[in-house]
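Asks: The structure file my_file.cif (mmCIF, C-alpha atoms and all ligand atoms) is provided below.
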data_work
#
loop_
_atom_site.label_atom_id
_atom_site.label_comp_id
_atom_site.auth_asym_id
_atom_site.auth_seq_id
_atom_site.Cartn_x
_atom_site.Cartn_y
_atom_site.Cartn_z
CA MET A 1 -18.98 -12.30 10.26
CA LYS A 2 -18.43 -15.32 8.03
CA ILE A 3 -14.96 -16.76 7.72
CA ILE A 4 -14.30 -18.35 4.35
CA ALA A 5 -11.16 -20.14 3.18
CA GLY A 6 -12.35 -21.74 -0.06
CA VAL A 7 -12.15 -19.85 -3.35
CA ASP A 8 -15.36 -21.38 -4.73
CA GLU A 9 -17.18 -20.75 -1.48
CA MET A 10 -16.06 -17.11 -1.50
CA ARG A 11 -17.17 -16.71 -5.10
CA ALA A 12 -20.64 -18.04 -4.19
CA GLU A 13 -20.83 -15.79 -1.13
CA SER A 14 -19.85 -12.66 -3.05
CA ALA A 15 -22.46 -13.46 -5.70
CA LEU A 16 -25.01 -13.67 -2.89
CA LEU A 17 -23.81 -10.41 -1.32
CA ARG A 18 -23.97 -8.66 -4.68
CA ARG A 19 -27.58 -9.78 -5.09
CA GLN A 20 -28.44 -8.37 -1.66
CA SER A 21 -26.35 -5.19 -1.69
CA VAL A 22 -25.86 -2.31 -4.04
CA SER A 23 -22.20 -1.93 -3.21
CA LEU A 24 -19.54 -4.30 -1.93
CA ALA A 25 -16.17 -3.16 -0.63
CA LEU A 26 -13.07 -5.33 -0.53
CA VAL A 27 -10.16 -4.57 1.81
CA PRO A 28 -7.19 -6.73 0.82
CA THR A 29 -4.61 -7.31 3.58
CA MET A 30 -1.83 -9.69 4.54
CA GLY A 31 -3.11 -9.84 8.13
CA ALA A 32 -1.21 -8.98 11.34
CA LEU A 33 -3.83 -6.28 11.51
CA HIS A 34 -3.21 -2.92 13.15
CA ALA A 35 -5.08 0.38 13.38
CA GLY A 36 -4.07 1.27 9.79
CA HIS A 37 -5.90 -1.78 8.45
CA LEU A 38 -8.88 -1.03 10.69
CA ALA A 39 -9.06 2.50 9.26
CA LEU A 40 -9.37 0.93 5.79
CA VAL A 41 -12.22 -1.25 7.05
CA GLN A 42 -13.97 1.78 8.58
CA GLU A 43 -13.69 3.59 5.25
CA ALA A 44 -15.06 0.52 3.47
CA LYS A 45 -18.03 0.46 5.87
CA ARG A 46 -18.71 4.14 5.19
CA ARG A 47 -18.64 3.63 1.44
CA ALA A 48 -20.38 0.28 0.90
CA ASP A 49 -23.35 -1.81 2.00
CA ALA A 50 -21.27 -4.94 2.46
CA VAL A 51 -17.60 -5.42 3.40
CA VAL A 52 -15.19 -8.27 2.68
CA VAL A 53 -11.71 -8.26 4.25
CA SER A 54 -9.19 -10.62 2.72
CA ILE A 55 -6.22 -11.94 4.68
CA PHE A 56 -3.60 -13.59 2.51
CA VAL A 57 0.19 -13.50 2.71
CA ASN A 58 0.81 -13.65 -1.02
CA PRO A 59 3.96 -15.65 -1.84
CA SER A 60 4.29 -14.22 -5.36
CA GLN A 61 4.99 -10.68 -4.16
CA PHE A 62 7.97 -11.66 -1.99
CA GLY A 63 11.39 -11.90 -3.61
CA ALA A 64 14.13 -14.38 -2.80
CA GLY A 65 15.65 -13.43 0.55
CA GLU A 66 12.62 -11.38 1.60
CA ASP A 67 10.51 -12.13 4.68
CA TYR A 68 7.76 -14.42 3.30
CA ASP A 69 8.42 -17.16 5.88
CA ALA A 70 8.98 -14.75 8.76
CA TYR A 71 6.00 -12.51 7.93
CA PRO A 72 3.75 -12.38 11.03
CA ARG A 73 0.69 -14.64 10.78
CA MET A 74 -1.91 -14.32 13.53
CA LEU A 75 -5.29 -15.18 12.04
CA ASP A 76 -7.09 -15.71 15.37
CA ALA A 77 -6.07 -12.30 16.71
CA ASP A 78 -6.97 -10.70 13.34
CA LEU A 79 -10.45 -12.27 13.40
CA GLU A 80 -10.96 -11.06 16.96
CA GLN A 81 -10.04 -7.48 15.99
CA LEU A 82 -12.42 -7.53 13.02
CA ALA A 83 -15.25 -9.04 15.08
CA ASP A 84 -14.73 -6.36 17.76
CA LEU A 85 -14.78 -3.63 15.13
CA GLY A 86 -18.04 -4.95 13.68
CA GLY A 87 -19.60 -4.39 10.29
CA VAL A 88 -17.45 -6.89 8.39
CA ASP A 89 -19.61 -9.37 6.50
CA VAL A 90 -16.94 -11.81 5.36
CA VAL A 91 -13.29 -12.50 6.07
CA PHE A 92 -11.73 -14.33 3.13
CA ALA A 93 -8.60 -16.14 4.31
CA PRO A 94 -7.54 -18.54 1.56
CA SER A 95 -4.54 -20.86 1.70
CA ALA A 96 -1.62 -20.48 -0.71
CA ALA A 97 -2.67 -23.79 -2.29
CA GLY A 98 -6.20 -22.45 -2.71
CA MET A 99 -5.00 -19.36 -4.54
CA TYR A 100 -2.24 -21.12 -6.50
CA PRO A 101 -3.26 -24.79 -6.90
CA ASP A 102 -0.08 -25.62 -8.85
CA GLY A 103 2.15 -23.23 -6.90
CA PRO A 104 2.74 -19.52 -7.59
CA ALA A 105 5.48 -20.31 -10.12
CA ALA A 106 2.92 -22.11 -12.32
CA GLN A 107 0.79 -18.97 -12.63
CA ARG A 108 1.17 -18.16 -16.34
CA SER A 109 -1.11 -15.13 -16.51
CA VAL A 110 0.49 -12.11 -14.91
CA VAL A 111 -0.61 -8.47 -14.78
CA SER A 112 2.11 -5.85 -15.26
CA VAL A 113 1.39 -2.17 -14.88
CA GLY A 114 4.48 -1.17 -16.86
CA ARG A 115 6.03 2.23 -16.31
CA LEU A 116 4.43 2.77 -12.91
CA THR A 117 6.50 -0.09 -11.49
CA GLU A 118 9.91 1.01 -12.84
CA HIS A 119 11.02 3.27 -9.98
CA LEU A 120 10.70 3.52 -6.19
CA CYS A 121 10.11 0.03 -4.68
CA GLY A 122 9.74 -1.47 -8.16
CA ALA A 123 13.42 -0.77 -8.90
CA TYR A 124 14.56 -2.76 -5.86
CA ARG A 125 11.94 -5.51 -5.68
CA PRO A 126 11.87 -7.14 -9.13
CA GLY A 127 8.56 -8.87 -9.79
CA HIS A 128 6.97 -7.51 -6.62
CA PHE A 129 4.32 -5.37 -8.29
CA ASP A 130 3.49 -8.06 -10.85
CA GLY A 131 2.85 -10.33 -7.87
CA VAL A 132 0.70 -7.67 -6.18
CA SER A 133 -1.36 -6.69 -9.22
CA THR A 134 -1.91 -10.32 -10.22
CA VAL A 135 -3.08 -11.45 -6.78
CA VAL A 136 -5.29 -8.38 -6.39
CA LEU A 137 -6.91 -9.08 -9.77
CA LYS A 138 -7.50 -12.66 -8.60
CA LEU A 139 -9.05 -11.35 -5.37
CA PHE A 140 -11.18 -8.91 -7.38
CA ASN A 141 -12.42 -11.75 -9.59
CA ILE A 142 -13.21 -13.98 -6.62
CA CYS A 143 -14.82 -11.32 -4.41
CA ALA A 144 -16.44 -9.18 -7.15
CA PRO A 145 -16.31 -5.88 -5.23
CA THR A 146 -17.58 -2.55 -6.51
CA ILE A 147 -15.01 -0.70 -4.38
CA ALA A 148 -11.58 -1.65 -3.07
CA VAL A 149 -9.83 0.24 -0.28
CA PHE A 150 -6.04 0.54 0.02
CA GLY A 151 -3.65 2.59 2.15
CA ARG A 152 -1.62 5.44 0.71
CA LYS A 153 1.16 4.29 3.01
CA ASP A 154 1.97 1.89 0.17
CA ALA A 155 1.61 4.71 -2.33
CA GLN A 156 3.11 2.97 -5.35
CA GLN A 157 0.93 -0.09 -4.72
CA PHE A 158 -2.19 2.08 -4.49
CA LEU A 159 -1.37 3.97 -7.70
CA VAL A 160 -0.46 0.77 -9.59
CA LEU A 161 -3.72 -0.92 -8.58
CA ARG A 162 -5.82 2.14 -9.36
CA ARG A 163 -4.19 2.24 -12.79
CA MET A 164 -4.78 -1.49 -13.32
CA ALA A 165 -8.49 -1.04 -12.53
CA ARG A 166 -8.71 1.86 -14.98
CA ASP A 167 -6.62 0.31 -17.77
CA LEU A 168 -8.45 -3.03 -17.63
CA ASN A 169 -11.97 -1.55 -17.26
CA LEU A 170 -12.57 -3.48 -14.06
CA GLY A 171 -15.41 -1.18 -13.00
CA ILE A 172 -14.04 -1.17 -9.47
CA GLU A 173 -13.45 2.12 -7.66
CA VAL A 174 -10.00 2.01 -6.07
CA VAL A 175 -9.88 4.24 -2.99
CA GLY A 176 -6.71 5.27 -1.12
CA ILE A 177 -6.83 6.42 2.48
CA PRO A 178 -4.25 8.50 4.38
CA THR A 179 -1.50 6.80 6.36
CA VAL A 180 -2.28 6.03 10.00
CA ARG A 181 0.69 6.85 12.25
CA GLU A 182 2.01 6.40 15.76
CA ASN A 183 2.16 9.58 17.88
CA ASP A 184 5.80 10.11 16.89
CA GLY A 185 4.96 9.93 13.17
CA LEU A 186 6.05 6.36 12.41
CA ALA A 187 3.63 4.84 9.88
CA LEU A 188 1.91 1.77 11.33
CA SER A 189 3.20 -1.39 9.65
CA SER A 190 3.07 -5.08 10.42
CA ARG A 191 6.86 -5.01 9.97
CA ASN A 192 7.38 -2.52 12.83
CA THR A 193 7.30 -5.52 15.18
CA TYR A 194 10.69 -6.60 13.74
CA LEU A 195 12.40 -3.42 15.05
CA THR A 196 14.69 -3.46 18.09
CA ALA A 197 14.03 -0.82 20.76
CA GLU A 198 16.78 1.43 19.39
CA GLU A 199 15.65 0.99 15.77
CA ARG A 200 12.08 1.79 16.83
CA LYS A 201 13.33 4.97 18.49
CA GLN A 202 15.01 6.09 15.27
CA ALA A 203 12.31 4.90 12.83
CA PRO A 204 10.26 8.17 12.85
CA VAL A 205 13.12 9.63 10.78
CA LEU A 206 11.26 8.40 7.67
CA PHE A 207 8.29 10.62 8.47
CA ARG A 208 10.59 13.53 9.32
CA ALA A 209 12.31 13.12 5.95
CA VAL A 210 9.15 13.14 3.83
CA THR A 211 7.73 15.99 5.94
CA ALA A 212 10.93 17.97 5.32
CA ALA A 213 10.49 17.31 1.59
CA GLU A 214 6.92 18.57 1.73
CA ASN A 215 7.97 21.67 3.66
CA SER A 216 10.72 22.48 1.18
CA ILE A 217 8.27 22.19 -1.75
CA GLN A 218 5.71 24.34 0.05
CA ALA A 219 8.45 26.89 0.71
CA GLY A 220 9.14 27.16 -3.03
CA GLU A 221 11.77 24.50 -3.83
CA ARG A 222 11.24 23.36 -7.43
CA ASP A 223 14.45 21.41 -8.02
CA GLY A 224 13.83 17.66 -7.66
CA ALA A 225 17.48 16.96 -6.80
CA ALA A 226 17.37 19.55 -4.01
CA VAL A 227 14.24 17.94 -2.54
CA ARG A 228 15.99 14.54 -2.64
CA ARG A 229 18.97 16.05 -0.82
CA VAL A 230 16.66 17.43 1.88
CA MET A 231 15.36 13.89 2.53
CA GLU A 232 18.82 12.31 2.43
CA ALA A 233 20.17 14.89 4.89
CA CYS A 234 17.31 14.17 7.26
CA LEU A 235 17.75 10.38 7.01
CA GLY A 236 21.49 10.86 7.54
CA GLU A 237 20.76 12.04 11.08
CA SER A 238 19.79 8.49 12.05
CA SER A 239 22.83 6.32 12.85
CA LEU A 240 20.95 3.06 12.11
CA ALA A 241 19.07 4.03 8.94
CA LYS A 242 20.46 2.64 5.67
CA VAL A 243 18.75 4.50 2.84
CA GLN A 244 17.58 2.45 -0.14
CA TYR A 245 15.99 5.39 -1.93
CA ALA A 246 14.79 8.93 -1.33
CA GLU A 247 12.91 9.92 -4.47
CA VAL A 248 10.51 12.50 -5.89
CA VAL A 249 8.25 11.31 -8.70
CA ASP A 250 5.15 12.58 -10.45
CA ALA A 251 2.04 11.07 -8.86
CA ASP A 252 0.63 9.89 -12.19
CA GLU A 253 3.32 7.85 -13.99
CA LEU A 254 5.74 7.64 -11.03
CA GLN A 255 8.70 8.97 -13.00
CA PRO A 256 11.48 10.92 -11.25
CA VAL A 257 11.04 14.66 -11.64
CA SER A 258 13.94 17.06 -12.12
CA GLU A 259 11.84 20.24 -12.19
CA LEU A 260 8.65 20.32 -10.10
CA VAL A 261 5.77 21.70 -12.17
CA PRO A 262 3.47 24.19 -10.40
CA SER A 263 0.00 22.73 -9.59
CA SER A 264 1.14 19.18 -10.39
CA GLU A 265 1.02 16.42 -7.80
CA VAL A 266 4.25 14.73 -6.76
CA LEU A 267 5.10 11.90 -4.42
CA ALA A 268 8.13 12.19 -2.14
CA ALA A 269 8.98 8.67 -0.98
CA VAL A 270 11.67 6.91 1.03
CA ALA A 271 12.68 3.31 1.71
CA VAL A 272 15.05 2.65 4.57
CA PHE A 273 16.56 -0.43 6.16
CA PHE A 274 16.95 -0.73 9.91
CA GLY A 275 19.02 -3.92 10.11
CA SER A 276 17.12 -6.33 7.86
CA THR A 277 13.79 -4.53 8.38
CA ARG A 278 12.73 -2.45 5.41
CA LEU A 279 10.39 0.47 6.09
CA ILE A 280 8.77 2.87 3.62
CA ASP A 281 6.99 6.18 3.92
CA ASN A 282 5.80 8.92 1.59
CA VAL A 283 3.86 12.10 1.21
CA PHE A 284 1.74 13.35 -1.69
CA VAL A 285 2.30 17.05 -2.36
CA THR A 286 0.49 19.38 -4.72
CA VAL A 287 3.17 21.78 -5.90
CA PRO A 288 1.95 25.32 -5.14
CA ALA A 289 0.90 27.34 -8.16
CA ARG A 290 3.13 30.26 -9.09
CA THR A 291 2.02 33.38 -7.23
CA SER A 292 1.42 35.03 -10.60
CA ASP A 293 -1.00 32.15 -11.44
CA ASN A 294 -3.21 33.08 -8.52
CA PRO A 295 -6.16 35.23 -9.49
CA GLY A 296 -6.16 38.58 -7.73
P1 LIG B 1 -0.59 -5.12 4.22
O1 LIG B 1 -1.33 -6.02 5.14
O2 LIG B 1 0.63 -4.52 4.84
O3 LIG B 1 -0.40 -5.67 2.86
O4 LIG B 1 -1.54 -3.87 4.02
C1 LIG B 1 -2.88 -4.02 3.64
C2 LIG B 1 -3.45 -2.67 3.34
O5 LIG B 1 -3.34 -1.84 4.48
C3 LIG B 1 -2.70 -1.94 2.20
O6 LIG B 1 -3.65 -1.26 1.40
C4 LIG B 1 -1.83 -0.98 2.97
O7 LIG B 1 -1.48 0.16 2.22
C5 LIG B 1 -2.72 -0.62 4.14
N1 LIG B 1 -1.95 -0.10 5.25
C6 LIG B 1 -0.87 -0.66 5.85
N2 LIG B 1 -0.38 0.15 6.81
C7 LIG B 1 -1.16 1.27 6.80
C8 LIG B 1 -1.16 2.48 7.54
N3 LIG B 1 -0.26 2.73 8.49
N4 LIG B 1 -2.10 3.40 7.26
C9 LIG B 1 -3.02 3.18 6.30
N5 LIG B 1 -3.08 2.04 5.57
C10 LIG B 1 -2.16 1.11 5.80
#
Can you dump the structure from the file as structure tokens?
Replies:
Amino acid sequence: MKIIAGVDEMRAESALLRRQSVSLALVPTMGALHAGHLALVQEAKRRADAVVVSIFVNPSQFGAGEDYDAYPRMLDADLEQLADLGGVDVVFAPSAAGMYPDGPAAQRSVVSVGRLTEHLCGAYRPGHFDGVSTVVLKLFNICAPTIAVFGRKDAQQFLVLRRMARDLNLGIEVVGIPTVRENDGLALSSRNTYLTAEERKQAPVLFRAVTAAENSIQAGERDGAAVRRVMEACLGESSLAKVQYAEVVDADELQPVSELVPSSEVLAAVAVFFGSTRLIDNVFVTVPARTSDNPG
């Protein structure tokens, strides 16, 4: 496993890997690796001949007052986990100065994925998705993957990046893998370490809320507002949870839906604060077809 910090060195290494391998998978992360990240790496290994994992806490996707400085950084422990897992060819861990030589604010070229960033997290984190899509395009250009693997835990991020790859003809297959969870349903996240014991105890309420949304849709609910109310009621059972949003959107353009269309795919998603810690969760649901649509 090579560890590379330099952008030019990484570019040379990926050119070499591409000469030797048919397929190259990139797994972009911000480090503080947990079993969710390792599941992405396993998927990358299954799908590609060579695997690059990037570790970069990207300043341009954090807003003012967000946790850029506090975000956990533990490169040595991350490298140990990846070495133990095996099968990773390169870890690309650039510095902020390497990625943004004149500082992130001097980056003049920015990728925006428009409509898909208007709602959900995009409504509350201005500039966040521009920061994400721009840094991921930079990572794509440096690492030259044929496949990139992301978690559906960050559903809007996954859908935005998949759309960017399609819209800009990047020729990179963007793959999304299911959310890895604790036994009580809490989605693994590097930010879970911020939670107090009591907050941690209540945090599975996010999963219960999106599961309740899914169950209501499966049971025949077609009114978007009613599905939102199901999630809000569930989140309301937690004394410490402060709801930022509980939303149902179509899984294509990420627009709020008022009437759920049979056979369409929707995303039920929540963002909740526990103290200053912001957690998100979601579920993709294919709305059941009308019984009369079923043959026989
Ligand atoms: P992060 O380091 O939090 O930016 O995440 C890096 C990648 O790991 C993103 O594609 C995330 O969606 C994914 N990821 C984070 N947590 C999970 C999880 N619990 N299950 C699956 N993927 C995850």
Asks: Which of these, A:Leu40, A:His119, A:Tyr71, A:Pro145, has the shortest distance to A:Val22 once you count only C-alpha atoms?
Replies: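 Answer, going by the shortest atom-to-atom distance: A:Pro145.
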Asks: Check which residues fall inside 7 Å of ligand LIG 1 (chain B) when counting only C-alpha atoms and all ligand atoms, and print them as JSON, numbers by chain.
Replies: {"A": [28, 29, 30, 31, 32, 33, 36, 37, 39, 40, 149, 150, 151, 152, 153, 154, 158, 177, 178, 179, 180, 181, 187, 188, 189, 190]}
Asks: With only C-alpha atoms as the atoms that count, which of A:Ser133, A:Ser14, A:Ser258, A:Ser54 lies nearest to A:Leu168?
Replies: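 Comparing A:Ser133, A:Ser14, A:Ser258, A:Ser54 against A:Leu168, the winner is A:Ser133.
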Asks: Enumerate, in order of chain and increasing residue number, the residues of stretch 11-76 of chain A with an atom no farther than 12 Å from stretch 271-292 of chain A, each with its shortest atom pair and distance in Å to one decimal, counting only C-alpha atoms, as a Markdown table.
Replies:
| residue | atom | partner | partner_atom | distance |
| --- | --- | --- | --- | --- |
| A:Gly65 | CA | A:Ser276 | CA | 10.3 |
| A:Glu66 | CA | A:Ser276 | CA | 9.2 |
| A:Asp67 | CA | A:Thr277 | CA | 9.1 |
| A:Ala70 | CA | A:Thr277 | CA | 11.3 |
| A:Tyr71 | CA | A:Thr277 | CA | 11.2 |
Asks: Determine, counting all atoms listed in the file, which protein, DNA and RNA residues have an atom within 8 Å of an atom of A:Ala44; residues of the same chain fewer than 3 positions away are not included. Present the result as a short mmCIF file (atom, residue, chain, number, x, y, z; two decimals) with C-alpha atoms, keeping the file's coordinate frame.
Replies:
data_model
loop_
_atom_site.label_atom_id
_atom_site.label_comp_id
_atom_site.auth_asym_id
_atom_site.auth_seq_id
_atom_site.Cartn_x
_atom_site.Cartn_y
_atom_site.Cartn_z
CA ALA A 25 -16.17 -3.16 -0.63
CA LEU A 26 -13.07 -5.33 -0.53
CA VAL A 27 -10.16 -4.57 1.81
CA LEU A 40 -9.37 0.93 5.79
CA VAL A 41 -12.22 -1.25 7.05
CA ARG A 47 -18.64 3.63 1.44
CA ALA A 48 -20.38 0.28 0.90
CA VAL A 51 -17.60 -5.42 3.40
CA ILE A 147 -15.01 -0.70 -4.38
CA ALA A 148 -11.58 -1.65 -3.07
CA VAL A 149 -9.83 0.24 -0.28
#
Asks: I'd like the interatomic distance between atom CA of A:Ala96 and atom CA of A:Ala5, to a tenth of an Å.
Replies: 10.3 Å
Asks: Measure the distance from atom CA of A:Asn192 to atom CA of A:Pro59 in Å and round it to one decimal.
Replies: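 Between atom CA of A:Asn192 and atom CA of A:Pro59 the gap works out to 20.0 Å.
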Asks: Near A:Asp76, counting all atoms listed in the file, which residues have an atom at most 12 Å away, once you skip same-chain residues fewer than 2 positions from it, shown as a VMD selection string?
Replies: chain A and resid 3 31 to 33 55 73 to 74 78 to 83 91 93
Asks: Since the input is missing atoms for stretch 88-107 of chain A, could you rebuild it with N, CA and C atoms and give the result as a short mmCIF file (atom, residue, chain, number, x, y, z; two decimals), in the frame of the given file?
Replies:
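Wrote out27.cif, looks like this:
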data_model
loop_
_atom_site.label_atom_id
_atom_site.label_comp_id
_atom_site.auth_asym_id
_atom_site.auth_seq_id
_atom_site.Cartn_x
_atom_site.Cartn_y
_atom_site.Cartn_z
N VAL A 88 -18.09 -6.13 9.46
CA VAL A 88 -17.45 -6.89 8.39
C VAL A 88 -18.33 -8.11 8.09
N ASP A 89 -18.72 -8.26 6.84
CA ASP A 89 -19.61 -9.37 6.50
C ASP A 89 -18.85 -10.67 6.34
N VAL A 90 -17.70 -10.58 5.66
CA VAL A 90 -16.94 -11.81 5.36
C VAL A 90 -15.45 -11.54 5.52
N VAL A 91 -14.75 -12.49 6.13
CA VAL A 91 -13.29 -12.50 6.07
C VAL A 91 -12.91 -13.66 5.15
N PHE A 92 -12.20 -13.32 4.08
CA PHE A 92 -11.73 -14.33 3.13
C PHE A 92 -10.27 -14.61 3.43
N ALA A 93 -9.99 -15.80 3.92
CA ALA A 93 -8.60 -16.14 4.31
C ALA A 93 -8.21 -17.44 3.59
N PRO A 94 -7.86 -17.33 2.32
CA PRO A 94 -7.54 -18.54 1.56
C PRO A 94 -6.15 -19.06 1.91
N SER A 95 -5.90 -20.31 1.56
CA SER A 95 -4.54 -20.86 1.70
C SER A 95 -3.77 -20.54 0.42
N ALA A 96 -2.44 -20.69 0.50
CA ALA A 96 -1.62 -20.48 -0.71
C ALA A 96 -2.01 -21.52 -1.77
N ALA A 97 -2.29 -22.74 -1.33
CA ALA A 97 -2.67 -23.79 -2.29
C ALA A 97 -4.03 -23.50 -2.92
N GLY A 98 -4.90 -22.82 -2.17
CA GLY A 98 -6.20 -22.45 -2.71
C GLY A 98 -6.07 -21.40 -3.80
N MET A 99 -5.17 -20.45 -3.57
CA MET A 99 -5.00 -19.36 -4.54
C MET A 99 -4.13 -19.79 -5.72
N TYR A 100 -3.16 -20.66 -5.44
CA TYR A 100 -2.24 -21.12 -6.50
C TYR A 100 -2.18 -22.64 -6.45
N PRO A 101 -3.18 -23.33 -7.03
CA PRO A 101 -3.26 -24.79 -6.90
C PRO A 101 -1.99 -25.51 -7.37
N ASP A 102 -1.31 -24.97 -8.37
CA ASP A 102 -0.08 -25.62 -8.85
C ASP A 102 1.17 -24.88 -8.39
N GLY A 103 1.01 -24.03 -7.38
CA GLY A 103 2.15 -23.23 -6.90
C GLY A 103 2.21 -21.91 -7.63
N PRO A 104 2.70 -20.85 -6.96
CA PRO A 104 2.74 -19.52 -7.59
C PRO A 104 3.58 -19.49 -8.87
N ALA A 105 4.60 -20.33 -8.94
CA ALA A 105 5.48 -20.31 -10.12
C ALA A 105 4.76 -20.83 -11.36
N ALA A 106 3.66 -21.57 -11.17
CA ALA A 106 2.92 -22.11 -12.32
C ALA A 106 1.88 -21.14 -12.84
N GLN A 107 1.75 -19.99 -12.18
CA GLN A 107 0.79 -18.97 -12.63
C GLN A 107 1.35 -18.37 -13.93
#
